[in-house]
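This report concerns only the one structure given below.
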Amino acid sequence: MYSLIWLVPIVPFAGFLLLAFAGRYLPRRAVAIIGPGAVGLSAAVMLLISGQFLAAPPAGYAYEQTLWSWIATGGLEVGFTLYLDPLSVVMGCVITVVGFLIHVYATAYMAEDEGYSKFFAYMNLFVGAMLLLVLGQNLLVLYLGWEGVGLCSYLLIGFWYKKPENGAAAMKAFIVTRIGDVALLIGLFLLVVQFGTLDIPAILAAAPGAWAVGAPAAVAAALLLLGGAVGKSAQLPLQTWLPDAMAGPTPVSALIHAATMVTAGVYLIARLHALFALAPGALLLVGIIGAATLLLAAFSALAQHDLKRILAYSTISQLGYMFLALGVGAWTAALFHFMTHAFFKALLFLGAGAIIHSLRDEQNIFRMGGLRRRLPAVYWTFLAGALALAAAPLITAGFYSKDLILFAAWVSPVGNRWLWGAGLLGAFLTALYTFRMVFLVFHGPERTAPHGRPGPAMTVPLMILALLSLLGGFVETPADLGGVHLFSSFLGHALPGLAAHGSPALEAALQLLSTVAVLGGIALAYQLYLRRREATARWLARPAPDAARRLLLAGWGFDWLYDRLFVRPFVWLATVNKDDSVDAFFRGLARASLLLHGALSRAQTGNLRWYAVGFALGVMALLAIVVFR
Amino acid sequence: MFSITGLLTISGILFVAGAAALITRRNAVAALMGVELMLNAANLNFVAGWRYFWPERLDAHVAVLLVITVAAAEAAVGLAIILNLYRKFGTVDLEQIRLMRG
Amino acid sequence: MTHAQLTALLPVILLAGTAVALLLVQAITRSHRVTAGVTLAGLAAALVAVTRALPQGATPVTALLTIDRFALLYTGLLALIGIGLTLLSFLYLAGRTRLTGAYYILFTLALAGGAVLASSAHFAAFFLGLEMISVSLFALAAYRRDDPAGIEAGMKYLVLAGVATAVLLFGAALLYARYGTMAFAALGTAIAPGAGDPLTLAGIALVVAGIGFKLTLAPFHLWAPDVYEGAPAPVTGFIATISKAAVFALLLRLFTQVHLREHPALFAIFATLAIASIFAGNLLGLRQMNLKRVLAYSSVANMGYLLIAFLAGGPAGAIAATFYLTAYLPALLGIFTLLTALSGRERDADAIADYAGLAWRRPVLAAAFTVLLLSLAGIPLTGGFIGKFYVALTGVSAALAGSPAFWALVGALVVGSVIGLYYYLRIVLAFFQRTPAGEEPAAITRRVPDAAAIVLTLSTLAVLWLGVLPGNTLTLISLLVEEWFR
């Protein structure tokens, strides 16, 4: 059964090829079956394999399958190899299942779009590349997937290319993540040079022996890899691309910029955890970046009025939680939150898409309202997602995963109270902005009338995701609430567990604190945005709050900063260098080549006797070399 | 009768003469003759080697026979091509046969 | 002759026998189809015979030939390309001339000569094989009696090849005079690594000059563009692929016994030839308007690259060189297939302008052609890239192992490839030219016959396969070549 693992990434690629080359000639129904079908088939295989993995795990909890030998030179042997262990099982299942649901949703969402087959071709390509990323056994396959998802992100953000802003957003995403990619590439080179191999298991096994804890090479490698992760996962300081990436169609935002691609950074750090364990400074930096980002993004989400931008900042913030977890050594907690986040964030995005769709592309929450009566299915599923995001106690998956992270931040030997504090404040803010969104969109008076209700293709995935958002957390519950440890024990075979444990009483106390924060946030949102809406609006119109609001709206001004710091000098340099002084060298080369060409060409006179002379001269030259050497 | 250096010198001169004939003559048939001369200079070399260094071996004899035979075949084909050349170009002057160049 | 020797010799016998059979067939019927069919059958039989002879180890057959796995590999390669070229010739000759019989006889004889070259272990076999190929090609190049360019090409080829052969023989004779043997193995052991006496050095230099002519190494390449341009397209294909591969096989065999790197004079000769070829080939191709001439210069440069692997020596060098050839030959075959298929009655479609707009009219053909050109240029995902990669690898390994001169060679490889990319891309660019409707070149609208389409498809697939999954082929080549070095 494990030998079928190659099907998982290949089927979406096949779907891409089919749709890319023949999609134009196929009827919409066929495309609607092929696109989601490919991912669905992948999901089915993945689930079957996972089932077998749970029931009868392979030796060492790892399975490798080499499809072919890619590079086989004396010094470096790299195969196109897939790797199955609990970590890749979890990632693969989430990617394929959530991906499948989003594809089904998209068949209805994109139904009126003329690029229907192109859309599903790109989406399939993306899923294939993402699966390569998480199933890759060596850094080359991982990098191939990494670059592939970056490309697809670019293609899909700019999908509606006729509007120039979309193209600009796609460019921005590509360029900013590229900065991270360069760091990643250098980091990979470092690893290859040090270990002579690109195999991840081999590197992880050899690293503790080769590098002492805190060795400069280890820290350098870890920091470079962190650079790559920060770019892809939109953390500080490379987070500016994600809010603009909302220019793409909502299924794209759901799949790529919520559930999967942006988590690639989290996966990278988790996969190479042994390296980070050797560089505690880098790991601490991971945690600090996570904490800072989660707060910064949460504050920004408070001030947004575009529904998708709220969710975008929310994603950045939740990714910050995952980084925070990684930073304190709670690898399992980070992945647990990844899983629950994939469920509820995809749900929220798809729900937002349904709203935007029926409001004929209205995205400003201040022009929405009262939709809970008109779009009940969307309302209840969205509410489930919102509760999970806000980590409403006990009933949502988000609660269990966020709680695990906060607990780890407190008790981990490398955690500290500040990180925990940031997480707690973040929980409060999350609840606040989430329910600000819910109340403004679904409650209160109706400002824009919706047109029709979403059909089953859209609502069924919403419902499935809502169920997962509520029930998905029960695979891992804290000691005082049942002590279920299915998730962590499964992942424990691939990732080290948390070193310290606290008492159940401590756990309960911390849970109480976070519950207070969450309920407090919801209550405050209720007051500000439901009961006293006009008062809130008047208060926000005053100079100081308004200035603060505008700063948060602009994401703390990072775009402005980067524009002044990097973009303008670069453009100036490019303009000044218009005649391209460096190119002069190459132009000189070209001219020299043409000169030489002319000279040599004149030797081809077409005259036979001349050729014979040339031959004779050649012979004499050889003899001369031989004699004088 | 001759020393080895003498024979080698003669074959060298013949070789160069053949090359010179090829280079300086404009007539295609003369060029072919030059090639033949060069081939036979090489034959002379084989014979010189046999005579002065390896009299018990017969390799040189066989080689010379092969060369003569093949040279004859080459000359036959060459003359056939020259015939066609004359038919198409009206001349066998190599200076005037320069359709392709550069 | 023992049974083993007979089995080993069977491919050559079959090839020569096919030529004889064709002579007999001519007496019975002049049908083009029958003639081509018999040729194909003979080549296919030779291919089968190669596989039957493989399990045997190295088999000396008379003192002239040693038929080992290396020779059989090359013979098989030649037969395969030969089959493709036969199909091309069939398409080309049909409708252009009624004298088709002689063509196939000469063709098969030339192939037999190539097989002899690949297996030769003695200067006599070298000479015989070389002349079998050369004389046949003279006649084949001038085959179209109504085409002045072809006759001129044949003339030039004849005279210059005659000179080259004479030079080669002179050198062989000098070596014979010095060492008393013409067998490669014996010469290899006899020539001491630092041998500096004039007879040896001059002899080797002259032999190299003769080989250099056939391999279109600079400065012996002057004949190539004119002959490539004037000869009929399938014949040019033959010269570009089979005669090069066969002579290169011989070069490998001859000089493997003599360890080149220890002999500074020999190394210097070949290094000079390599660098000169790389630069001359790439520079000369820059502004060519004629596709066949471009291919001629391209082959000059490619032979230069091959010499780098050859110079590096050892099993790695031989494997790299053989792989390079294995990727190079199908690319050329594919290009010549297209050339032949799109050629008109009066003139071959050999001007680059003939392909203007190919991408808009026949996108699939343009795509295939582009893949083949990119393989020659050495772009990743094609066999040419892997070949160049391995050549560069052997060069760098040699440089690191103590011969710093290799850095110059690898540097030349890099610079040359960059320069050369220009003229390949120029052709691809021509595909995308937009010509006003009605002014399209006639070539791109011609229907491609099925046989040509099959050959083209197979060649393109081979090139792509070698570029993406080179592993199996490399292992095969290593196995067949390794035996040599034991």
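Chain labels follow the order of the structure tokens: the first chain is A, the next B, and so on; residue numbering restarts at 1 in every chain, and ligands are counted from 1 in their shown order.
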Would you mind writing down, as number ranges by chain, each residue of segment 95-312 of chain C that DSSP on the backbone assigns to alpha helix (DSSP H)? C: 101-119, 123-141, 148-179, 184-190, 198-214, 223-230, 233-238, 244-257, 264-284, 291-312
Kindly provide, as a list in words, the residues of chain A having any atom no farther than 8 Å from an atom of chain B, counting only C-alpha atoms. Ser601, Arg602, Ala603, Gln604, Thr605, Gly606, Asn607, Leu608, Arg609, Trp610, Ala612 and Val613 of chain A
Name the residues in contact with Leu158 of chain C at a cut-off of 9 Å, using only C-alpha atoms, excluding same-chain residues fewer than 3 positions from it; report them as a CSV table (one decimal) with N, CA and C atoms, in the first residue's frame.
```csv
chain,number,residue,atom,x,y,z
B,32,LEU,N,44.2,16.0,-58.3
B,32,LEU,CA,44.2,14.6,-58.0
B,32,LEU,C,45.5,14.0,-58.1
B,74,GLU,N,39.9,5.4,-55.2
B,74,GLU,CA,39.6,6.9,-54.9
B,74,GLU,C,39.8,7.6,-56.2
B,77,VAL,N,36.7,7.2,-58.5
B,77,VAL,CA,35.6,8.0,-58.1
B,77,VAL,C,35.9,9.5,-58.3
B,78,GLY,N,37.2,9.9,-58.1
B,78,GLY,CA,37.5,11.3,-58.3
B,78,GLY,C,37.4,11.7,-59.8
B,81,ILE,N,33.8,12.2,-60.6
B,81,ILE,CA,33.3,13.4,-60.1
B,81,ILE,C,33.8,14.6,-61.0
C,134,SER,N,34.9,7.1,-46.6
C,134,SER,CA,35.2,8.3,-47.3
C,134,SER,C,34.9,8.2,-48.8
C,135,VAL,N,35.3,7.1,-49.4
C,135,VAL,CA,35.1,7.0,-50.9
C,135,VAL,C,33.6,7.0,-51.1
C,137,LEU,N,31.3,8.3,-49.4
C,137,LEU,CA,30.7,9.6,-49.2
C,137,LEU,C,31.1,10.6,-50.3
C,138,PHE,N,32.3,10.4,-50.9
C,138,PHE,CA,32.5,11.3,-52.0
C,138,PHE,C,31.5,11.2,-53.0
C,139,ALA,N,31.2,9.9,-53.4
C,139,ALA,CA,30.2,9.7,-54.4
C,139,ALA,C,28.8,10.1,-54.0
C,153,ALA,N,30.8,20.1,-53.8
C,153,ALA,CA,31.1,19.5,-52.5
C,153,ALA,C,31.8,18.2,-52.6
C,154,GLY,N,31.4,17.4,-53.5
C,154,GLY,CA,32.0,16.1,-53.7
C,154,GLY,C,33.5,16.3,-54.0
C,155,MET,N,33.8,17.2,-54.9
C,155,MET,CA,35.1,17.5,-55.4
C,155,MET,C,36.0,17.9,-54.2
C,161,ALA,N,40.0,15.1,-48.5
C,161,ALA,CA,40.1,13.8,-47.8
C,161,ALA,C,41.3,13.0,-48.3
C,162,GLY,N,41.6,13.1,-49.6
C,162,GLY,CA,42.7,12.4,-50.1
C,162,GLY,C,44.0,13.0,-49.4
C,163,VAL,N,44.1,14.3,-49.3
C,163,VAL,CA,45.3,14.8,-48.6
C,163,VAL,C,45.3,14.3,-47.2
```
Per-residue nearest contacts of chain A to chain C (9 Å; only C-alpha atoms) as JSON lines:
```
{"residue": "A:Trp68", "atom": "CA", "partner": "C:Leu469", "partner_atom": "CA", "distance": 7.7}
{"residue": "A:Ser69", "atom": "CA", "partner": "C:Gly471", "partner_atom": "CA", "distance": 6.4}
{"residue": "A:Trp70", "atom": "CA", "partner": "C:Leu469", "partner_atom": "CA", "distance": 7.1}
{"residue": "A:Ile71", "atom": "CA", "partner": "C:Gly471", "partner_atom": "CA", "distance": 8.1}
{"residue": "A:Ala72", "atom": "CA", "partner": "C:Gly471", "partner_atom": "CA", "distance": 7.5}
{"residue": "A:Thr73", "atom": "CA", "partner": "C:Tyr390", "partner_atom": "CA", "distance": 8.5}
{"residue": "A:Ala590", "atom": "CA", "partner": "C:Ile419", "partner_atom": "CA", "distance": 8.4}
{"residue": "A:Ser593", "atom": "CA", "partner": "C:Leu283", "partner_atom": "CA", "distance": 6.3}
{"residue": "A:Leu594", "atom": "CA", "partner": "C:Leu286", "partner_atom": "CA", "distance": 7.4}
{"residue": "A:Leu596", "atom": "CA", "partner": "C:Leu283", "partner_atom": "CA", "distance": 6.7}
{"residue": "A:His597", "atom": "CA", "partner": "C:Leu283", "partner_atom": "CA", "distance": 5.0}
{"residue": "A:Gly598", "atom": "CA", "partner": "C:Leu284", "partner_atom": "CA", "distance": 7.9}
{"residue": "A:Leu600", "atom": "CA", "partner": "C:Leu284", "partner_atom": "CA", "distance": 6.4}
{"residue": "A:Ser601", "atom": "CA", "partner": "C:Leu284", "partner_atom": "CA", "distance": 6.0}
{"residue": "A:Ala603", "atom": "CA", "partner": "C:Leu222", "partner_atom": "CA", "distance": 8.0}
{"residue": "A:Gln604", "atom": "CA", "partner": "C:Leu222", "partner_atom": "CA", "distance": 6.5}
{"residue": "A:Gly606", "atom": "CA", "partner": "C:Asp226", "partner_atom": "CA", "distance": 7.2}
{"residue": "A:Asn607", "atom": "CA", "partner": "C:Lys156", "partner_atom": "CA", "distance": 8.9}
{"residue": "A:Leu608", "atom": "CA", "partner": "C:Lys156", "partner_atom": "CA", "distance": 6.1}
{"residue": "A:Tyr611", "atom": "CA", "partner": "C:Leu222", "partner_atom": "CA", "distance": 5.9}
{"residue": "A:Ala612", "atom": "CA", "partner": "C:Leu160", "partner_atom": "CA", "distance": 6.5}
{"residue": "A:Gly614", "atom": "CA", "partner": "C:Pro219", "partner_atom": "CA", "distance": 7.1}
{"residue": "A:Phe615", "atom": "CA", "partner": "C:Phe220", "partner_atom": "CA", "distance": 5.5}
{"residue": "A:Ala616", "atom": "CA", "partner": "C:Phe220", "partner_atom": "CA", "distance": 8.9}
{"residue": "A:Leu617", "atom": "CA", "partner": "C:Pro219", "partner_atom": "CA", "distance": 8.3}
{"residue": "A:Gly618", "atom": "CA", "partner": "C:Pro219", "partner_atom": "CA", "distance": 5.6}
{"residue": "A:Val619", "atom": "CA", "partner": "C:Ala209", "partner_atom": "CA", "distance": 6.0}
{"residue": "A:Leu622", "atom": "CA", "partner": "C:Ala205", "partner_atom": "CA", "distance": 6.0}
{"residue": "A:Leu623", "atom": "CA", "partner": "C:Ala205", "partner_atom": "CA", "distance": 6.0}
{"residue": "A:Ile625", "atom": "CA", "partner": "C:Ile269", "partner_atom": "CA", "distance": 6.6}
{"residue": "A:Val626", "atom": "CA", "partner": "C:Ala265", "partner_atom": "CA", "distance": 5.1}
{"residue": "A:Val627", "atom": "CA", "partner": "C:Leu201", "partner_atom": "CA", "distance": 7.4}
{"residue": "A:Phe628", "atom": "CA", "partner": "C:Ala265", "partner_atom": "CA", "distance": 8.3}
{"residue": "A:Arg629", "atom": "CA", "partner": "C:Ala265", "partner_atom": "CA", "distance": 5.4}
```
Pull out every residue of chain B sitting within 6 Å of chain C, counting only C-alpha atoms, and send them as a PyMOL selection string. chain B and resi 35+38-39+42+45-46+49+54+100
Kindly export the residues of the current selection with all heavy atoms, as a PDB file, in the first residue's frame.
```pdb
ATOM      1  N   VAL B  35      47.457  14.471 -55.105  1.00  0.00           N
ATOM      2  CA  VAL B  35      47.051  13.592 -54.007  1.00  0.00           C
ATOM      3  C   VAL B  35      47.679  12.220 -54.188  1.00  0.00           C
ATOM      4  O   VAL B  35      48.179  11.611 -53.232  1.00  0.00           O
ATOM      5  CB  VAL B  35      45.513  13.492 -53.933  1.00  0.00           C
ATOM      6  CG1 VAL B  35      45.101  12.477 -52.895  1.00  0.00           C
ATOM      7  CG2 VAL B  35      44.902  14.848 -53.615  1.00  0.00           C
ATOM      8  N   MET B  38      51.172  12.215 -53.087  1.00  0.00           N
ATOM      9  CA  MET B  38      51.320  12.195 -51.629  1.00  0.00           C
ATOM     10  C   MET B  38      51.114  10.779 -51.095  1.00  0.00           C
ATOM     11  O   MET B  38      51.843  10.308 -50.207  1.00  0.00           O
ATOM     12  CB  MET B  38      50.311  13.149 -50.985  1.00  0.00           C
ATOM     13  CG  MET B  38      50.608  14.605 -51.246  1.00  0.00           C
ATOM     14  SD  MET B  38      49.232  15.670 -50.757  1.00  0.00           S
ATOM     15  CE  MET B  38      49.518  15.790 -49.025  1.00  0.00           C
ATOM     16  N   LEU B  39      50.118  10.094 -51.643  1.00  0.00           N
ATOM     17  CA  LEU B  39      49.864   8.740 -51.161  1.00  0.00           C
ATOM     18  C   LEU B  39      51.064   7.843 -51.440  1.00  0.00           C
ATOM     19  O   LEU B  39      51.440   6.994 -50.609  1.00  0.00           O
ATOM     20  CB  LEU B  39      48.610   8.175 -51.840  1.00  0.00           C
ATOM     21  CG  LEU B  39      47.288   8.721 -51.293  1.00  0.00           C
ATOM     22  CD1 LEU B  39      46.129   8.325 -52.190  1.00  0.00           C
ATOM     23  CD2 LEU B  39      47.050   8.197 -49.890  1.00  0.00           C
ATOM     24  N   ALA B  42      53.830   8.260 -49.040  1.00  0.00           N
ATOM     25  CA  ALA B  42      53.610   7.479 -47.822  1.00  0.00           C
ATOM     26  C   ALA B  42      53.993   6.027 -48.044  1.00  0.00           C
ATOM     27  O   ALA B  42      54.577   5.377 -47.176  1.00  0.00           O
ATOM     28  CB  ALA B  42      52.146   7.603 -47.404  1.00  0.00           C
ATOM     29  N   ASN B  45      57.529   5.482 -47.654  1.00  0.00           N
ATOM     30  CA  ASN B  45      57.869   5.433 -46.238  1.00  0.00           C
ATOM     31  C   ASN B  45      57.747   4.030 -45.675  1.00  0.00           C
ATOM     32  O   ASN B  45      58.599   3.551 -44.940  1.00  0.00           O
ATOM     33  CB  ASN B  45      56.929   6.346 -45.450  1.00  0.00           C
ATOM     34  CG  ASN B  45      57.633   7.575 -44.986  1.00  0.00           C
ATOM     35  OD1 ASN B  45      58.854   7.651 -45.043  1.00  0.00           O
ATOM     36  ND2 ASN B  45      56.869   8.544 -44.525  1.00  0.00           N
ATOM     37  N   PHE B  46      56.655   3.380 -46.038  1.00  0.00           N
ATOM     38  CA  PHE B  46      56.451   2.015 -45.547  1.00  0.00           C
ATOM     39  C   PHE B  46      57.602   1.129 -46.000  1.00  0.00           C
ATOM     40  O   PHE B  46      58.164   0.344 -45.227  1.00  0.00           O
ATOM     41  CB  PHE B  46      55.129   1.449 -46.079  1.00  0.00           C
ATOM     42  CG  PHE B  46      53.936   1.808 -45.245  1.00  0.00           C
ATOM     43  CD1 PHE B  46      52.935   2.615 -45.756  1.00  0.00           C
ATOM     44  CD2 PHE B  46      53.804   1.316 -43.958  1.00  0.00           C
ATOM     45  CE1 PHE B  46      51.825   2.944 -44.989  1.00  0.00           C
ATOM     46  CE2 PHE B  46      52.698   1.645 -43.191  1.00  0.00           C
ATOM     47  CZ  PHE B  46      51.710   2.461 -43.707  1.00  0.00           C
ATOM     48  N   GLY B  49      60.698   1.782 -44.154  1.00  0.00           N
ATOM     49  CA  GLY B  49      60.669   1.163 -42.839  1.00  0.00           C
ATOM     50  C   GLY B  49      60.969  -0.313 -42.910  1.00  0.00           C
ATOM     51  O   GLY B  49      61.746  -0.853 -42.114  1.00  0.00           O
ATOM     52  N   TRP B  54      62.814  -3.309 -40.341  1.00  0.00           N
ATOM     53  CA  TRP B  54      62.107  -4.539 -40.021  1.00  0.00           C
ATOM     54  C   TRP B  54      62.044  -5.463 -41.219  1.00  0.00           C
ATOM     55  O   TRP B  54      60.968  -5.779 -41.698  1.00  0.00           O
ATOM     56  CB  TRP B  54      60.682  -4.211 -39.561  1.00  0.00           C
ATOM     57  CG  TRP B  54      60.636  -3.128 -38.523  1.00  0.00           C
ATOM     58  CD1 TRP B  54      60.356  -1.820 -38.724  1.00  0.00           C
ATOM     59  CD2 TRP B  54      60.928  -3.281 -37.137  1.00  0.00           C
ATOM     60  NE1 TRP B  54      60.431  -1.124 -37.541  1.00  0.00           N
ATOM     61  CE2 TRP B  54      60.781  -2.005 -36.541  1.00  0.00           C
ATOM     62  CE3 TRP B  54      61.303  -4.362 -36.315  1.00  0.00           C
ATOM     63  CZ2 TRP B  54      60.992  -1.787 -35.201  1.00  0.00           C
ATOM     64  CZ3 TRP B  54      61.489  -4.120 -34.971  1.00  0.00           C
ATOM     65  CH2 TRP B  54      61.345  -2.844 -34.416  1.00  0.00           C
ATOM     66  N   MET B 100      30.134  27.896 -52.981  1.00  0.00           N
ATOM     67  CA  MET B 100      29.851  27.998 -51.547  1.00  0.00           C
ATOM     68  C   MET B 100      31.037  28.611 -50.835  1.00  0.00           C
ATOM     69  O   MET B 100      32.170  28.221 -51.057  1.00  0.00           O
ATOM     70  CB  MET B 100      29.584  26.607 -50.977  1.00  0.00           C
ATOM     71  CG  MET B 100      28.416  25.963 -51.682  1.00  0.00           C
ATOM     72  SD  MET B 100      28.152  24.301 -51.128  1.00  0.00           S
ATOM     73  CE  MET B 100      29.503  23.452 -51.893  1.00  0.00           C
TER      74      MET B 100
END
```
Exercise: segment 96-100 of chain A partners within 8 Å, only C-alpha atoms, chain neighbours under 5 positions left out, as a PyMOL selection string: chain A and resi 36-37+39-40+42-43+46+127+255+259+342-343+346
Resulting file, chosen residues, N, CA and C atoms, as a PDB file, in the first residue's frame:
```
ATOM      1  N   PRO A  36     -11.174  18.777  -9.375  1.00  0.00           N
ATOM      2  CA  PRO A  36     -11.308  18.250  -8.017  1.00  0.00           C
ATOM      3  C   PRO A  36     -11.057  16.758  -7.955  1.00  0.00           C
ATOM      4  N   GLY A  37     -11.382  16.060  -9.040  1.00  0.00           N
ATOM      5  CA  GLY A  37     -11.216  14.614  -9.031  1.00  0.00           C
ATOM      6  C   GLY A  37      -9.774  14.206  -8.813  1.00  0.00           C
ATOM      7  N   VAL A  39      -7.434  15.832  -7.263  1.00  0.00           N
ATOM      8  CA  VAL A  39      -7.064  16.044  -5.861  1.00  0.00           C
ATOM      9  C   VAL A  39      -7.799  15.050  -4.971  1.00  0.00           C
ATOM     10  N   GLY A  40      -9.038  14.758  -5.340  1.00  0.00           N
ATOM     11  CA  GLY A  40      -9.806  13.818  -4.541  1.00  0.00           C
ATOM     12  C   GLY A  40      -9.175  12.439  -4.556  1.00  0.00           C
ATOM     13  N   SER A  42      -6.073  11.818  -5.085  1.00  0.00           N
ATOM     14  CA  SER A  42      -4.879  11.961  -4.257  1.00  0.00           C
ATOM     15  C   SER A  42      -5.243  11.834  -2.781  1.00  0.00           C
ATOM     16  N   ALA A  43      -6.339  12.505  -2.398  1.00  0.00           N
ATOM     17  CA  ALA A  43      -6.749  12.467  -0.990  1.00  0.00           C
ATOM     18  C   ALA A  43      -7.105  11.051  -0.581  1.00  0.00           C
ATOM     19  N   MET A  46      -4.039   9.087  -0.161  1.00  0.00           N
ATOM     20  CA  MET A  46      -3.334   9.553   1.040  1.00  0.00           C
ATOM     21  C   MET A  46      -4.007   9.020   2.283  1.00  0.00           C
ATOM     22  N   VAL A 127      -1.290  21.927  -6.024  1.00  0.00           N
ATOM     23  CA  VAL A 127      -1.408  20.832  -5.059  1.00  0.00           C
ATOM     24  C   VAL A 127      -0.294  19.824  -5.269  1.00  0.00           C
ATOM     25  N   LEU A 255      -6.904  28.167  -0.278  1.00  0.00           N
ATOM     26  CA  LEU A 255      -5.991  27.027  -0.378  1.00  0.00           C
ATOM     27  C   LEU A 255      -4.552  27.427  -0.137  1.00  0.00           C
ATOM     28  N   ALA A 259      -4.367  27.686   4.049  1.00  0.00           N
ATOM     29  CA  ALA A 259      -4.229  26.321   4.543  1.00  0.00           C
ATOM     30  C   ALA A 259      -2.881  25.697   4.242  1.00  0.00           C
ATOM     31  N   ALA A 342      -5.868  25.054   9.316  1.00  0.00           N
ATOM     32  CA  ALA A 342      -6.222  24.744   7.927  1.00  0.00           C
ATOM     33  C   ALA A 342      -7.738  24.573   7.832  1.00  0.00           C
ATOM     34  N   PHE A 343      -8.308  23.861   8.784  1.00  0.00           N
ATOM     35  CA  PHE A 343      -9.758  23.644   8.743  1.00  0.00           C
ATOM     36  C   PHE A 343     -10.513  24.963   8.881  1.00  0.00           C
ATOM     37  N   ALA A 346      -9.610  27.875   6.156  1.00  0.00           N
ATOM     38  CA  ALA A 346     -10.180  27.576   4.839  1.00  0.00           C
ATOM     39  C   ALA A 346     -11.672  27.798   4.884  1.00  0.00           C
TER      40      ALA A 346
END
```
Spatial neighbours of Val48 of chain C, max dist 10 Å, only C-alpha atoms, sep filter under 6 positions, as a VMD selection string: chain C and resid 10 to 11 42 76 79
Give the answer as one residue: which of C:Glu439, C:Val38, C:Ala49, C:Ile308 has the shortest atom-to-atom distance to Ala392 of chain C, using only C-alpha atoms? C:Ile308
Give me the residues near Ile175 of chain A as a PyMOL selection string, where near means some atom within 10 Å (using only C-alpha atoms) and where sequence neighbours in that chain fewer than 4 positions away do not count. chain A and resi 150+154+169-171+179-181+231+241
Looking at C:Thr59, C:Ile133, C:Thr51, C:Leu365, which one is nearest to Thr2 of chain C, with distances taken over only C-alpha atoms?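 Looking at the shortest contact to Thr2 of chain C, the residue is C:Thr59.
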Backbone DSSP call of strand (DSSP E) for segment 32-68 of chain A, listed as a list in words: Tyr63, Glu64, Gln65, Thr66, Leu67 and Trp68 of chain A
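Atom CA of Ser117 of chain A sits 17.5 Å away from atom CA of Leu101 of chain A.
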With distances taken over only C-alpha atoms, which residue among A:Glu362, A:Gly158, A:Ala247, A:Leu76 lies nearest Thr197 of chain A?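 Closest candidate: A:Leu76.
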